[in-house]
Each structure stands twice: as C-alpha cells, then as structure tokens.
>>> print(open('target00.txt').read())   # compact mmCIF, C-alpha atoms
# COMPACT_ATOMS: atom_id res chain seq x y z
CA PRO Z 162 -54.45 -3.01 23.94
CA GLY Z 163 -52.17 -4.99 26.20
CA GLU Z 164 -49.27 -2.61 25.77
CA VAL Z 165 -47.35 -2.10 29.02
CA PRO Z 166 -46.28 1.54 28.46
CA ALA Z 167 -49.92 2.48 27.87
CA SER Z 168 -50.89 0.79 31.12
CA PHE Z 169 -48.34 2.88 33.04
CA MET Z 170 -49.60 6.09 31.40
CA MET Z 171 -53.15 5.18 32.42
CA ARG Z 172 -51.96 4.33 35.92
CA GLY Z 173 -50.41 7.79 36.28
CA ALA Z 174 -53.55 9.50 35.01
CA LEU Z 175 -55.76 7.54 37.41
CA GLU Z 176 -53.41 8.03 40.37
CA LEU Z 177 -53.57 11.79 39.86
CA LEU Z 178 -57.34 11.88 39.37
CA LEU Z 179 -58.08 9.65 42.36
CA SER Z 180 -55.64 11.31 44.76
CA ASP Z 181 -56.56 13.57 47.65
CA ALA Z 182 -54.35 16.39 46.38
CA GLU Z 183 -55.90 19.82 45.86
CA GLU Z 184 -54.99 19.64 42.17
CA ALA Z 185 -57.01 16.41 41.82
CA ARG Z 186 -60.00 17.81 43.73
CA ASP Z 187 -59.95 20.88 41.48
CA LEU Z 188 -59.79 18.73 38.33
CA ARG Z 189 -62.72 16.61 39.52
CA ARG Z 190 -64.75 19.76 40.27
CA ARG Z 191 -64.12 21.20 36.80
CA PHE Z 192 -64.35 18.12 34.58
CA VAL Z 193 -65.90 14.69 34.24
CA PHE Z 194 -63.25 12.13 33.34
CA VAL Z 195 -64.22 8.87 31.66
CA ALA Z 196 -61.68 6.06 31.37
CA LEU Z 197 -62.54 3.27 28.97
CA PRO Z 198 -60.87 0.04 30.04
CA MET Z 199 -58.62 -2.08 27.87
CA LEU Z 200 -61.02 -3.14 25.16
CA ASN Z 201 -59.45 -6.49 24.31
CA PRO Z 202 -58.68 -8.28 27.61
CA ASP Z 203 -59.72 -11.61 26.08
CA GLY Z 204 -57.25 -11.13 23.23
CA VAL Z 205 -54.47 -10.02 25.57
CA ALA Z 206 -55.06 -13.10 27.73
CA ALA Z 207 -54.54 -15.15 24.56
CA GLY Z 208 -51.31 -13.29 23.76
CA ASN Z 209 -52.69 -10.86 21.17
CA GLY Z 210 -51.60 -7.23 21.10
CA ARG Z 211 -54.53 -5.48 19.41
CA ALA Z 212 -56.92 -8.23 18.42
CA ASN Z 213 -59.72 -9.62 20.53
CA SER Z 214 -60.42 -13.34 20.82
CA ALA Z 215 -62.38 -13.22 17.54
CA GLY Z 216 -59.25 -11.94 15.75
CA LEU Z 217 -60.57 -8.41 15.12
CA ASP Z 218 -58.00 -5.59 15.17
CA LEU Z 219 -59.93 -3.33 17.53
CA ASN Z 220 -57.75 -0.35 16.68
CA ARG Z 221 -58.88 -0.28 13.05
CA CYS Z 222 -62.60 -1.07 13.11
CA TRP Z 223 -64.03 2.09 14.70
CA GLU Z 224 -65.45 3.31 11.39
CA ARG Z 225 -67.64 0.23 10.91
CA PRO Z 226 -67.40 -1.85 14.08
CA PRO Z 227 -68.55 -5.47 13.75
CA GLU Z 228 -71.87 -6.13 15.45
CA GLY Z 229 -71.40 -7.31 19.03
CA SER Z 230 -67.77 -6.14 19.22
CA GLU Z 231 -66.34 -4.18 22.11
CA ILE Z 232 -66.03 -1.16 19.82
CA VAL Z 233 -69.81 -0.99 19.33
CA ALA Z 234 -70.25 -0.43 23.08
CA ALA Z 235 -67.32 1.99 23.35
CA ARG Z 236 -68.48 4.05 20.38
CA ARG Z 237 -72.06 4.17 21.70
CA ALA Z 238 -70.79 5.42 25.08
CA LEU Z 239 -68.70 8.11 23.37
CA GLN Z 240 -71.64 9.20 21.21
CA GLU Z 241 -73.76 9.63 24.35
CA LEU Z 242 -71.01 11.63 26.05
CA CYS Z 243 -70.59 13.85 22.99
CA ALA Z 244 -74.34 14.56 22.97
CA SER Z 245 -74.41 15.38 26.70
CA PRO Z 246 -74.24 18.96 28.05
CA GLY Z 247 -70.63 20.09 27.80
CA GLY Z 248 -69.77 17.36 25.30
CA VAL Z 249 -66.29 15.86 25.15
CA LEU Z 250 -63.24 18.11 25.33
CA ALA Z 251 -60.57 15.51 24.53
CA TYR Z 252 -60.17 11.85 23.64
CA LEU Z 253 -56.86 10.05 24.20
CA ASP Z 254 -56.11 6.54 22.96
CA LEU Z 255 -53.04 5.27 24.83
CA HIS Z 256 -50.63 2.91 23.06
CA ALA Z 257 -47.01 1.79 22.96
CA HIS Z 258 -44.48 1.97 20.16
CA SER Z 259 -41.70 -0.55 19.64
CA ARG Z 260 -39.51 1.33 17.15
CA ARG Z 261 -39.36 4.92 18.41
CA HIS Z 262 -38.00 6.37 21.61
CA GLY Z 263 -39.85 8.73 23.93
CA ALA Z 264 -43.53 9.52 23.56
CA PHE Z 265 -45.46 11.38 20.87
CA THR Z 266 -48.93 11.79 19.46
CA LEU Z 267 -50.53 10.68 16.24
CA SER Z 268 -52.97 13.55 15.79
CA ASN Z 269 -55.42 14.89 13.27
CA PRO Z 270 -54.78 18.03 11.20
CA SER Z 271 -54.93 21.34 13.11
CA THR Z 272 -54.83 19.68 16.54
CA GLN Z 273 -51.46 20.88 17.84
CA ALA Z 274 -52.67 22.40 21.14
CA LEU Z 275 -52.26 19.35 23.38
CA PRO Z 276 -48.87 18.28 21.97
CA ASP Z 277 -47.66 21.87 22.38
CA LEU Z 278 -48.80 21.91 26.02
CA LEU Z 279 -47.09 18.59 26.70
CA ALA Z 280 -43.86 19.88 25.15
CA GLU Z 281 -43.99 22.92 27.47
CA MET Z 282 -44.19 20.59 30.49
CA ASP Z 283 -40.80 19.17 29.47
CA ASP Z 284 -41.07 15.86 31.34
CA GLY Z 285 -38.14 14.34 29.42
CA VAL Z 286 -40.34 11.65 27.83
CA PHE Z 287 -42.60 13.56 25.44
CA ASP Z 288 -40.95 14.47 22.13
CA ARG Z 289 -42.95 17.05 20.18
CA LYS Z 290 -40.71 16.64 17.11
CA GLN Z 291 -42.04 13.10 16.59
CA CYS Z 292 -45.72 14.11 16.58
CA VAL Z 293 -47.64 13.53 13.38
CA PHE Z 294 -50.68 15.61 12.35
CA SER Z 295 -52.44 13.81 9.54
CA TYR Z 296 -55.51 11.96 8.45
CA ASN Z 297 -54.87 9.26 5.90
CA LYS Z 298 -56.59 6.20 4.50
CA SER Z 299 -54.62 3.67 6.52
CA LYS Z 300 -55.71 5.26 9.82
CA ARG Z 301 -59.27 6.30 8.96
CA GLY Z 302 -60.77 3.41 10.98
CA SER Z 303 -58.71 4.18 14.09
CA ALA Z 304 -60.38 5.56 17.21
CA ARG Z 305 -58.69 8.96 17.04
CA CYS Z 306 -59.77 9.55 13.43
CA VAL Z 307 -63.36 8.39 13.94
CA VAL Z 308 -63.80 10.31 17.20
CA TRP Z 309 -62.43 13.46 15.51
CA ARG Z 310 -64.22 13.13 12.16
CA ASP Z 311 -67.55 11.50 13.09
CA LEU Z 312 -68.07 12.60 16.70
CA GLY Z 313 -66.56 16.08 16.38
CA VAL Z 314 -64.02 15.85 19.22
CA LYS Z 315 -61.34 18.32 18.13
CA HIS Z 316 -58.68 17.13 20.57
CA SER Z 317 -58.58 13.45 19.61
CA HIS Z 318 -55.12 11.85 19.77
CA THR Z 319 -53.35 8.54 19.88
CA VAL Z 320 -50.55 8.80 22.44
CA GLU Z 321 -47.66 6.46 21.72
CA ALA Z 322 -45.00 5.74 24.36
CA THR Z 323 -41.80 3.80 23.94
CA TYR Z 324 -41.01 0.36 25.22
CA ALA Z 325 -37.36 1.35 25.36
CA ALA Z 326 -35.60 4.69 25.86
CA LEU Z 327 -36.13 8.38 26.33
CA PRO Z 328 -35.67 10.67 23.31
CA GLY Z 329 -32.04 10.69 22.25
CA ARG Z 330 -31.56 7.37 24.06
CA LYS Z 331 -30.40 9.20 27.19
CA ARG Z 332 -31.53 6.27 29.34
CA LEU Z 333 -34.19 3.59 29.46
CA VAL Z 334 -37.72 4.75 30.17
CA THR Z 335 -39.10 3.76 33.59
CA PRO Z 336 -42.64 3.09 34.84
CA CYS Z 337 -42.34 6.34 36.83
CA ASP Z 338 -41.55 8.27 33.61
CA LEU Z 339 -44.64 6.85 31.95
CA SER Z 340 -46.84 7.48 34.99
CA GLU Z 341 -45.66 11.09 35.07
CA LEU Z 342 -46.55 11.38 31.39
CA GLY Z 343 -50.02 10.05 32.19
CA GLN Z 344 -50.44 12.76 34.83
CA ASN Z 345 -49.24 15.39 32.36
CA LEU Z 346 -51.78 14.16 29.81
CA VAL Z 347 -54.51 14.95 32.34
CA ARG Z 348 -52.98 18.36 33.12
CA GLY Z 349 -52.64 19.18 29.44
CA CYS Z 350 -56.24 18.25 28.67
CA ALA Z 351 -57.39 20.42 31.60
CA LYS Z 352 -55.53 23.39 30.09
CA LEU Z 353 -57.46 22.91 26.84
CA GLY Z 354 -60.70 23.73 28.65
>>> encode(input="target00.txt", output="structure tokens")
Amino acid sequence: PGEVPASFMMRGALELLLSDAEEARDLRRRFVFVALPMLNPDGVAAGNGRANSAGLDLNRCWERPPEGSEIVAARRALQELCASPGGVLAYLDLHAHSRRHGAFTLSNPSTQALPDLLAEMDDGVFDRKQCVFSYNKSKRGSARCVVWRDLGVKHSHTVEATYAALPGRKRLVTPCDLSELGQNLVRGCAKLG
C-alpha cells in the first residue's frame, strides 16, 4: 500500500541488494530475490491507503481474490515461485502502523526465527516485544496468512513500521532508520537459509 514507512524499508532492501558491495554480491549469488511492487498504485493515486481503484482492500482478499484483481497475478507468481526448485524461503509484506512506535512483525504461530534475528541486530527501530504470533479469523485473508497456510512458506510475515517514533519514543523515526531496517530484513532472511 501507499504507506511511506514501508516504501523506505523497501528502498533500503533494494539499495543493499543492488549495491556493488561484497555483501550484496554474496547475497545475489546465494539467493534469488523477488520484489513485488506496490499492488494498488491506482488506489494510492486516488488517495486510498489499501484499496485499489475498484475499492477492494487488497490486504484482505488473498484467500479468495476477485477475478482480474492485482492479487490474482501476485498470488499466481508466488505459487510459481513456491513450486520452483528451491521454493520460497521467506515472504515479507511491508506496511506502516499509525498507533505504535518502532517496528514489529505480525507473524504466524511458530515463526519466531526472523523476529529473533532482527532483535539481535539491535538497530534501534525493531521492537521484538511488540511482535505478534497468531493466526485468527480477522487476518486469515491477509497475504502473510495465505502465503503461510496455503503456499507453505514458513517464514511469512507482515512487517509494520511506525509513522512516528522509535520504541520508547526516544526520538522520531527517520527515513535512514527505516532504510536500515529494510537492509536488516534482507540480512535476517539470508540467515534463515
């Protein structure tokens, strides 16, 4: 969705992956990274946060995506990747949160490995205490739940980052903080494999 903190996390991830640094070259040798673009640019252009121009909440229709929707194409691409040699190690859905500070994951049961790795990196933004590990009715149509349950990707998470402050309200979060978090998301996923 058109959530600015998510865009800065993605920017950091892409800057790392596309850089000339040895770390980036090593990551590209070891893994194939696939970045799905913002799925609702038409809705964002119209001022919507999560809905496309047809008014569909694209973050809740992954279970039964409406024919012709952006989610049909995204889900098909993920199914093909999951069926390919090597499959899919991790799926991250990047979002922003308006009421909490710092960053955290909404994760499925028994998927603590990535949040634990991010906490060890101690970037000042990620707050492991805020992570939630559940699967409930209200979220069952979200990307992270469908990718975990239906496509079998164990490390499937929604990553939420604040619009406002670091954990404990130490200071306001900056684009650099969020970009660093995006890079750490890549590093954490690499450690899973």
>>> residues_around(input="target00.txt", residues="region 222-229 of chain Z", least_positions_apart="5", cutoff="8 Å", atoms="all atoms listed in the file", output="list in words")
Leu217, Arg236, Arg301, Gly302, Ser303, Ala304 and Val307 of chain Z
>>> atom_distance(input="target00.txt", atom1="CA of Thr266 (chain Z)", atom2="CA of Leu239 (chain Z)")
20.5 Å
>>> closest_residue(input="target00.txt", among="Z:Leu200, Z:Ala174, Z:Ala251, Z:Val334", to="Gly285 (chain Z)", atoms="all atoms listed in the file")
Z:Val334
>>> closest_residue(input="target00.txt", among="Z:Leu346, Z:Cys337, Z:Leu312, Z:Leu178", to="Phe265 (chain Z)", atoms="only C-alpha atoms")
Z:Leu346
>>> residues_around(input="target00.txt", residues="Gly313 (chain Z)", least_positions_apart="6", cutoff="10 Å", atoms="all atoms listed in the file", output="list in words")
Gln240, Cys243, Gly248, Val249, Leu250, Cys306 and Val307 of chain Z
>>> write_last_selection(input="target00.txt", atoms="C-alpha atoms", output="mmCIF file, keeping the file's coordinate frame")
data_model
loop_
_atom_site.group_PDB
_atom_site.id
_atom_site.type_symbol
_atom_site.label_atom_id
_atom_site.label_comp_id
_atom_site.auth_asym_id
_atom_site.auth_seq_id
_atom_site.Cartn_x
_atom_site.Cartn_y
_atom_site.Cartn_z
ATOM 1 C CA GLN Z 240 -71.640 9.200 21.210
ATOM 2 C CA CYS Z 243 -70.590 13.850 22.990
ATOM 3 C CA GLY Z 248 -69.770 17.360 25.300
ATOM 4 C CA VAL Z 249 -66.290 15.860 25.150
ATOM 5 C CA LEU Z 250 -63.240 18.110 25.330
ATOM 6 C CA CYS Z 306 -59.770 9.550 13.430
ATOM 7 C CA VAL Z 307 -63.360 8.390 13.940
#
>>> decode(input="target00.txt", residues="region 272-287 of chain Z", atoms="all heavy atoms", output="compact mmCIF listing (two decimals), in the first residue's frame")
# COMPACT_ATOMS: atom_id res chain seq x y z
N THR Z 272 6.75 -19.01 14.20
CA THR Z 272 7.62 -18.38 13.19
C THR Z 272 8.46 -17.27 13.82
O THR Z 272 8.54 -16.17 13.30
CB THR Z 272 6.79 -17.82 12.02
OG1 THR Z 272 5.84 -16.87 12.54
CG2 THR Z 272 6.03 -18.91 11.27
N GLN Z 273 9.10 -17.57 14.93
CA GLN Z 273 9.85 -16.56 15.67
C GLN Z 273 11.26 -16.31 15.15
O GLN Z 273 11.91 -15.34 15.55
CB GLN Z 273 9.95 -16.95 17.16
CG GLN Z 273 8.65 -16.87 17.90
CD GLN Z 273 7.83 -18.15 17.84
OE1 GLN Z 273 8.16 -19.08 17.13
NE2 GLN Z 273 6.73 -18.18 18.56
N ALA Z 274 11.78 -17.14 14.25
CA ALA Z 274 13.19 -17.05 13.86
C ALA Z 274 13.57 -15.69 13.31
O ALA Z 274 14.56 -15.09 13.74
CB ALA Z 274 13.53 -18.15 12.86
N LEU Z 275 12.83 -15.16 12.35
CA LEU Z 275 13.19 -13.87 11.77
C LEU Z 275 13.08 -12.73 12.79
O LEU Z 275 14.03 -11.94 12.92
CB LEU Z 275 12.37 -13.56 10.52
CG LEU Z 275 12.70 -12.22 9.85
CD1 LEU Z 275 14.15 -12.18 9.37
CD2 LEU Z 275 11.74 -11.94 8.71
N PRO Z 276 11.98 -12.62 13.53
CA PRO Z 276 11.94 -11.56 14.55
C PRO Z 276 13.08 -11.67 15.57
O PRO Z 276 13.63 -10.65 16.00
CB PRO Z 276 10.57 -11.75 15.21
CG PRO Z 276 9.75 -12.38 14.15
CD PRO Z 276 10.68 -13.28 13.40
N ASP Z 277 13.46 -12.89 15.93
CA ASP Z 277 14.58 -13.06 16.86
C ASP Z 277 15.88 -12.56 16.25
O ASP Z 277 16.69 -11.90 16.91
CB ASP Z 277 14.72 -14.53 17.27
CG ASP Z 277 13.59 -14.98 18.20
OD1 ASP Z 277 12.85 -14.13 18.72
OD2 ASP Z 277 13.46 -16.22 18.38
N LEU Z 278 16.11 -12.86 14.97
CA LEU Z 278 17.32 -12.38 14.28
C LEU Z 278 17.33 -10.86 14.19
O LEU Z 278 18.37 -10.22 14.41
CB LEU Z 278 17.41 -12.99 12.88
CG LEU Z 278 17.77 -14.46 12.81
CD1 LEU Z 278 17.50 -15.02 11.41
CD2 LEU Z 278 19.23 -14.67 13.20
N LEU Z 279 16.20 -10.27 13.89
CA LEU Z 279 16.12 -8.80 13.81
C LEU Z 279 16.40 -8.17 15.17
O LEU Z 279 17.07 -7.14 15.25
CB LEU Z 279 14.76 -8.37 13.29
CG LEU Z 279 14.47 -8.73 11.83
CD1 LEU Z 279 13.01 -8.50 11.50
CD2 LEU Z 279 15.37 -7.96 10.88
N ALA Z 280 15.90 -8.77 16.23
CA ALA Z 280 16.14 -8.25 17.57
C ALA Z 280 17.64 -8.29 17.90
O ALA Z 280 18.18 -7.36 18.51
CB ALA Z 280 15.35 -9.03 18.60
N GLU Z 281 18.32 -9.36 17.47
CA GLU Z 281 19.76 -9.47 17.72
C GLU Z 281 20.55 -8.38 17.00
O GLU Z 281 21.61 -7.97 17.46
CB GLU Z 281 20.27 -10.84 17.25
CG GLU Z 281 19.83 -11.99 18.13
CD GLU Z 281 20.19 -13.34 17.53
OE1 GLU Z 281 21.00 -13.40 16.57
OE2 GLU Z 281 19.64 -14.36 18.02
N MET Z 282 20.04 -7.90 15.86
CA MET Z 282 20.73 -6.84 15.11
C MET Z 282 20.66 -5.50 15.81
O MET Z 282 21.47 -4.63 15.55
CB MET Z 282 20.16 -6.75 13.70
CG MET Z 282 20.46 -7.97 12.87
SD MET Z 282 19.73 -7.80 11.23
CE MET Z 282 19.76 -9.49 10.69
N ASP Z 283 19.68 -5.33 16.69
CA ASP Z 283 19.57 -4.15 17.55
C ASP Z 283 19.78 -2.84 16.80
O ASP Z 283 20.66 -2.06 17.12
CB ASP Z 283 20.57 -4.28 18.71
CG ASP Z 283 20.26 -3.29 19.82
OD1 ASP Z 283 19.10 -2.85 19.93
OD2 ASP Z 283 21.20 -2.94 20.56
N ASP Z 284 18.91 -2.60 15.80
CA ASP Z 284 19.04 -1.37 15.01
C ASP Z 284 18.35 -0.17 15.65
O ASP Z 284 18.38 0.93 15.12
CB ASP Z 284 18.51 -1.59 13.60
CG ASP Z 284 17.04 -1.97 13.56
OD1 ASP Z 284 16.33 -1.83 14.57
OD2 ASP Z 284 16.58 -2.42 12.49
N GLY Z 285 17.71 -0.36 16.80
CA GLY Z 285 17.04 0.74 17.48
C GLY Z 285 15.61 0.96 17.03
O GLY Z 285 14.85 1.69 17.67
N VAL Z 286 15.22 0.37 15.91
CA VAL Z 286 13.86 0.54 15.38
C VAL Z 286 13.01 -0.68 15.68
O VAL Z 286 11.86 -0.56 16.11
CB VAL Z 286 13.89 0.78 13.85
CG1 VAL Z 286 12.49 0.93 13.30
CG2 VAL Z 286 14.73 2.00 13.51
N PHE Z 287 13.56 -1.87 15.46
CA PHE Z 287 12.79 -3.09 15.62
C PHE Z 287 12.58 -3.40 17.09
O PHE Z 287 13.51 -3.39 17.89
CB PHE Z 287 13.48 -4.27 14.93
CG PHE Z 287 12.61 -5.49 14.88
CD1 PHE Z 287 11.57 -5.57 13.97
CD2 PHE Z 287 12.80 -6.54 15.76
CE1 PHE Z 287 10.74 -6.68 13.92
CE2 PHE Z 287 11.99 -7.65 15.73
CZ PHE Z 287 10.95 -7.72 14.81
